[in-house]
Amino acid sequence: MCDEQTQKLLDLANGQRFRPPGSRLVIEQGSFASRLWWVVKAPFRTLMCLSLVTVFFATYFGFMLPVMWARTVWPRLYWFVEGKLYRWLQSFIAYWGYTAGYDVYEYGDDVTTYYRDERVLMMCNHQSTADVPTLMTVLQNKGVASRKTLWLMDVMFRWTPFGIIGNNHGDYFIQQGKATRDKELVRLKKHLHDVFWDRDRRWVILFPEGGFYYKRVESSQSYGKKNGFPHLLYTTLPRMGAVKAILEEVGPRTVDEDEPRERSNSKLKLLKDTVGAIREKKYVKGGF
C-alpha cells in the first residue's frame, strides 16, 4: 500500500479530493456557454488529431518512396529526408497541445551544447500520455536532435501510424514482462549496435519507469521498502535493465576500453582502432 502522502497525490491526480482550483477540468469551470462550447468542439478536436496523424502517415511514405533507392546507394540523403519528415511528424503531434491551449516553457541549464555536439540519454518521469506531445514540443528547437532521436516505447504502439513510421526511423519497441526481459535486453543492445551509430542518432529517449506513475507507485514503493531503496513520492523506481544496456552499448568508453588490445592479426587490430575512432569522432556512414 502507498503511504498517506502518496495516496493524497494519487487522489489529486484521479480527481477524488485535495484538488486545488487550478487542477479542475475546463468543463468544470466557467459559464454554461463555455462548457457547452467545450462539449461541442471536443469531438472535432479528436477528429482533427486522428486525421492529422493519418494524413501525415500517407504523406510520409509518399515522400519516402521516391528516395527509397538512396537507402543503400546514398544513405546520407535518405536519412536526411527521413529525419526531416520525422521531425515534422513530431510537430504535428506537438500541435495537439497547442490547439488545446497549452504552452510549454523551459527553465534551467542551457542544453544547447548537448543537442549540438553530444549524444544524450534522456530519461523522462512518465506521468501521463500528455508527456509525449509535450516532449515533442520541446524537441522542436533542439537542432538535429529532433530528427536524430531514438525512442524506446511499448510494443503496443508498433502498428499505430506513429509506430510504423517510428519503426522505419529506427525506434525500438519493448516487449515488457518477466518472461521476455532477458531476451529484450539482448535485442535492444543489438538494435542499438545496428541503428544508433549507423544512422547517427543523437538522443535516446526512455521512460525508465516502464509505465504511468499512478499504475506503478504501489508496487514500486513495496519493492523499494523490501530492498532498502529510497522512498520516492513523485516518481517510481526505474527499471535499470534498459538503461544499463543502453550505456553499455552507446555510453562513454573508459580508458581501458579505448586502448586497443594486442592481436596477432594486424587487420583485426586496425578494424578495432577504426571503430574506436568512429565512435570518438561521432562520425558514421549513414548520418547527415
# chains A, B, ... in the order shown; residues from 1 in each chain; ligands from 1
>>> closest_atom_pairs(of="segment 32-139 of chain A", to="segment 181-199 of chain A", cutoff="9 Å", atoms="only C-alpha atoms", output="CSV")
residue,atom,partner,partner_atom,distance
A:Pro75,CA,A:Arg199,CA,8.6
A:Arg76,CA,A:Arg199,CA,8.6
A:Trp79,CA,A:Arg199,CA,7.3
>>> residues_around(residues="segment 163-172 of chain A", least_positions_apart="6", cutoff="6 Å", atoms="only C-alpha atoms", output="list in words")
Leu150, Trp151, Leu152 and Phe157 of chain A
>>> write_last_selection(atoms="N, CA, C and O atoms", output="CSV table (one decimal), in the first residue's frame")
chain,number,residue,atom,x,y,z
A,150,LEU,N,16.0,8.5,-30.9
A,150,LEU,CA,15.7,7.1,-31.0
A,150,LEU,C,14.8,6.8,-29.7
A,150,LEU,O,15.3,6.9,-28.6
A,151,TRP,N,13.5,6.6,-30.0
A,151,TRP,CA,12.5,6.4,-28.9
A,151,TRP,C,12.5,5.0,-28.5
A,151,TRP,O,12.5,4.1,-29.4
A,152,LEU,N,12.3,4.7,-27.2
A,152,LEU,CA,12.0,3.4,-26.8
A,152,LEU,C,10.6,3.4,-26.2
A,152,LEU,O,10.3,4.2,-25.3
A,157,PHE,N,2.4,0.0,-29.4
A,157,PHE,CA,2.4,1.2,-30.3
A,157,PHE,C,3.0,0.8,-31.7
A,157,PHE,O,3.0,1.7,-32.6
>>> select_by_dssp(residues="segment 65-142 of chain A", states="strand (DSSP E)", output="PyMOL selection string")
chain A and resi 120-123
>>> write_last_selection(atoms="N, CA, C and O atoms", output="PDB file, in the first residue's frame")
ATOM      1  N   VAL A 120      23.011  11.954 -26.053  1.00  0.00           N
ATOM      2  CA  VAL A 120      22.307  12.097 -24.774  1.00  0.00           C
ATOM      3  C   VAL A 120      21.349  10.929 -24.561  1.00  0.00           C
ATOM      4  O   VAL A 120      20.648  10.512 -25.490  1.00  0.00           O
ATOM      5  N   LEU A 121      21.326  10.416 -23.339  1.00  0.00           N
ATOM      6  CA  LEU A 121      20.283   9.506 -22.890  1.00  0.00           C
ATOM      7  C   LEU A 121      19.316  10.324 -22.055  1.00  0.00           C
ATOM      8  O   LEU A 121      19.657  10.806 -20.974  1.00  0.00           O
ATOM      9  N   MET A 122      18.097  10.504 -22.561  1.00  0.00           N
ATOM     10  CA  MET A 122      17.101  11.328 -21.890  1.00  0.00           C
ATOM     11  C   MET A 122      16.079  10.436 -21.210  1.00  0.00           C
ATOM     12  O   MET A 122      15.391   9.648 -21.863  1.00  0.00           O
ATOM     13  N   MET A 123      15.989  10.539 -19.888  1.00  0.00           N
ATOM     14  CA  MET A 123      15.055   9.731 -19.107  1.00  0.00           C
ATOM     15  C   MET A 123      13.957  10.625 -18.560  1.00  0.00           C
ATOM     16  O   MET A 123      14.231  11.625 -17.899  1.00  0.00           O
TER      17      MET A 123
END
>>> residues_around(residues="Val144 of chain A", least_positions_apart="2", cutoff="8 Å", atoms="only C-alpha atoms", output="mmCIF file with C-alpha atoms, in the first residue's frame")
data_model
loop_
_atom_site.group_PDB
_atom_site.id
_atom_site.type_symbol
_atom_site.label_atom_id
_atom_site.label_comp_id
_atom_site.auth_asym_id
_atom_site.auth_seq_id
_atom_site.Cartn_x
_atom_site.Cartn_y
_atom_site.Cartn_z
ATOM 1 C CA TYR A 115 21.869 18.729 -28.663
ATOM 2 C CA ARG A 116 24.518 20.305 -30.874
ATOM 3 C CA LYS A 142 16.726 21.171 -30.247
ATOM 4 C CA SER A 146 14.685 16.425 -33.065
ATOM 5 C CA ARG A 147 15.269 14.285 -36.176
ATOM 6 C CA LYS A 148 18.006 12.088 -34.761
ATOM 7 C CA ARG A 202 21.995 11.680 -31.020
#
>>> closest_residue(among="A:Met156, A:Val250, A:Val217, A:Ala245", to="Thr6 of chain A", atoms="only C-alpha atoms")
A:Val217
>>> select_by_dssp(residues="segment 131-263 of chain A", states="alpha helix (DSSP H)", output="NGL selection string")
:A and (131-139 or 161-169 or 181-195 or 213-227 or 240-250 or 255-258)
>>> atom_distance(atom1="atom CA of Thr112 of chain A", atom2="atom CA of Trp203 of chain A")
13.1 Å
>>> residues_around(residues="Leu237 of chain A", least_positions_apart="4", cutoff="9 Å", atoms="only C-alpha atoms", output="ChimeraX atom specification")
/A:208-209,216-217,220-221,223-224,229-230,232
>>> residues_around(residues="segment 54-60 of chain A", least_positions_apart="5", cutoff="9 Å", atoms="only C-alpha atoms", output="number ranges by chain")
A: 49, 65, 82, 85-86, 88-89, 92, 161-162, 164-165
>>> write_last_selection(atoms="all heavy atoms", output="short mmCIF file (atom, residue, chain, number, x, y, z; two decimals), in the first residue's frame")
data_model
loop_
_atom_site.label_atom_id
_atom_site.label_comp_id
_atom_site.auth_asym_id
_atom_site.auth_seq_id
_atom_site.Cartn_x
_atom_site.Cartn_y
_atom_site.Cartn_z
N CYS A 49 -7.12 15.53 -34.50
CA CYS A 49 -5.90 14.85 -34.07
C CYS A 49 -5.70 13.54 -34.83
O CYS A 49 -4.59 13.25 -35.31
CB CYS A 49 -5.94 14.59 -32.57
SG CYS A 49 -5.90 16.09 -31.55
N LEU A 65 8.99 7.01 -50.53
CA LEU A 65 9.08 6.04 -51.62
C LEU A 65 9.97 6.51 -52.78
O LEU A 65 10.76 5.72 -53.30
CB LEU A 65 7.67 5.69 -52.12
CG LEU A 65 6.83 4.82 -51.17
CD1 LEU A 65 5.42 4.63 -51.73
CD2 LEU A 65 7.49 3.46 -50.95
N GLU A 82 14.38 11.46 -44.39
CA GLU A 82 13.57 10.77 -43.40
C GLU A 82 13.56 11.53 -42.08
O GLU A 82 12.52 11.65 -41.42
CB GLU A 82 14.14 9.36 -43.18
CG GLU A 82 13.21 8.41 -42.44
CD GLU A 82 13.20 8.62 -40.94
OE1 GLU A 82 14.22 9.11 -40.40
OE2 GLU A 82 12.18 8.32 -40.32
N LEU A 85 11.20 14.57 -42.25
CA LEU A 85 9.80 14.15 -42.16
C LEU A 85 9.45 13.70 -40.75
O LEU A 85 8.36 13.97 -40.24
CB LEU A 85 9.53 13.02 -43.16
CG LEU A 85 9.56 13.42 -44.63
CD1 LEU A 85 9.56 12.18 -45.52
CD2 LEU A 85 8.37 14.31 -44.97
N TYR A 86 10.38 13.02 -40.10
CA TYR A 86 10.15 12.55 -38.72
C TYR A 86 9.99 13.73 -37.77
O TYR A 86 9.16 13.70 -36.87
CB TYR A 86 11.33 11.67 -38.31
CG TYR A 86 11.12 10.93 -37.01
CD1 TYR A 86 10.30 9.81 -36.96
CD2 TYR A 86 11.77 11.33 -35.84
CE1 TYR A 86 10.11 9.11 -35.78
CE2 TYR A 86 11.59 10.64 -34.66
CZ TYR A 86 10.76 9.54 -34.63
OH TYR A 86 10.58 8.84 -33.46
N TRP A 88 8.86 16.69 -38.61
CA TRP A 88 7.56 17.30 -38.90
C TRP A 88 6.42 16.49 -38.30
O TRP A 88 5.41 17.05 -37.88
CB TRP A 88 7.39 17.45 -40.40
CG TRP A 88 8.35 18.43 -41.01
CD1 TRP A 88 9.04 19.41 -40.36
CD2 TRP A 88 8.74 18.52 -42.39
NE1 TRP A 88 9.85 20.10 -41.24
CE2 TRP A 88 9.69 19.58 -42.49
CE3 TRP A 88 8.40 17.81 -43.54
CZ2 TRP A 88 10.27 19.94 -43.70
CZ3 TRP A 88 8.99 18.18 -44.74
CH2 TRP A 88 9.90 19.23 -44.82
N LEU A 89 6.57 15.17 -38.27
CA LEU A 89 5.56 14.34 -37.61
C LEU A 89 5.46 14.70 -36.14
O LEU A 89 4.35 14.82 -35.59
CB LEU A 89 5.91 12.86 -37.76
CG LEU A 89 5.06 11.89 -36.93
CD1 LEU A 89 3.60 11.94 -37.36
CD2 LEU A 89 5.60 10.47 -37.03
N PHE A 92 3.49 17.83 -35.70
CA PHE A 92 2.06 17.61 -35.84
C PHE A 92 1.48 17.15 -34.50
O PHE A 92 0.42 17.63 -34.07
CB PHE A 92 1.80 16.54 -36.91
CG PHE A 92 1.61 17.10 -38.29
CD1 PHE A 92 2.64 17.77 -38.93
CD2 PHE A 92 0.40 16.96 -38.96
CE1 PHE A 92 2.48 18.30 -40.20
CE2 PHE A 92 0.23 17.48 -40.23
CZ PHE A 92 1.27 18.16 -40.86
N PRO A 161 -0.08 4.37 -36.59
CA PRO A 161 0.60 5.17 -37.64
C PRO A 161 1.95 5.71 -37.19
O PRO A 161 2.93 5.63 -37.93
CB PRO A 161 -0.41 6.30 -37.91
CG PRO A 161 -1.74 5.69 -37.61
CD PRO A 161 -1.50 4.77 -36.43
N PHE A 162 2.01 6.23 -35.95
CA PHE A 162 3.30 6.74 -35.46
C PHE A 162 4.29 5.59 -35.28
O PHE A 162 5.49 5.75 -35.55
CB PHE A 162 3.11 7.48 -34.14
CG PHE A 162 4.41 7.97 -33.54
CD1 PHE A 162 5.00 9.11 -34.03
CD2 PHE A 162 5.03 7.28 -32.51
CE1 PHE A 162 6.21 9.57 -33.50
CE2 PHE A 162 6.23 7.72 -31.97
CZ PHE A 162 6.82 8.88 -32.47
N ILE A 164 4.51 2.74 -36.96
CA ILE A 164 5.02 2.26 -38.25
C ILE A 164 6.11 3.20 -38.78
O ILE A 164 7.15 2.77 -39.27
CB ILE A 164 3.87 2.13 -39.27
CG1 ILE A 164 2.89 1.05 -38.80
CG2 ILE A 164 4.40 1.80 -40.66
CD1 ILE A 164 1.64 0.94 -39.65
N ILE A 165 5.85 4.51 -38.65
CA ILE A 165 6.88 5.48 -39.05
C ILE A 165 8.10 5.37 -38.16
O ILE A 165 9.23 5.42 -38.63
CB ILE A 165 6.29 6.91 -39.00
CG1 ILE A 165 5.19 7.06 -40.07
CG2 ILE A 165 7.38 7.95 -39.22
CD1 ILE A 165 4.48 8.40 -40.02
#
>>> atom_distance(atom1="atom CA of Tyr214 of chain A", atom2="atom CA of Lys226 of chain A")
19.7 Å
>>> atom_distance(atom1="atom CA of Gly83 of chain A", atom2="atom CA of Leu47 of chain A")
26.5 Å
>>> closest_residue(among="A:Phe212, A:Trp96, A:Phe32, A:Trp159", to="Ser128 of chain A", atoms="only C-alpha atoms")
A:Phe212
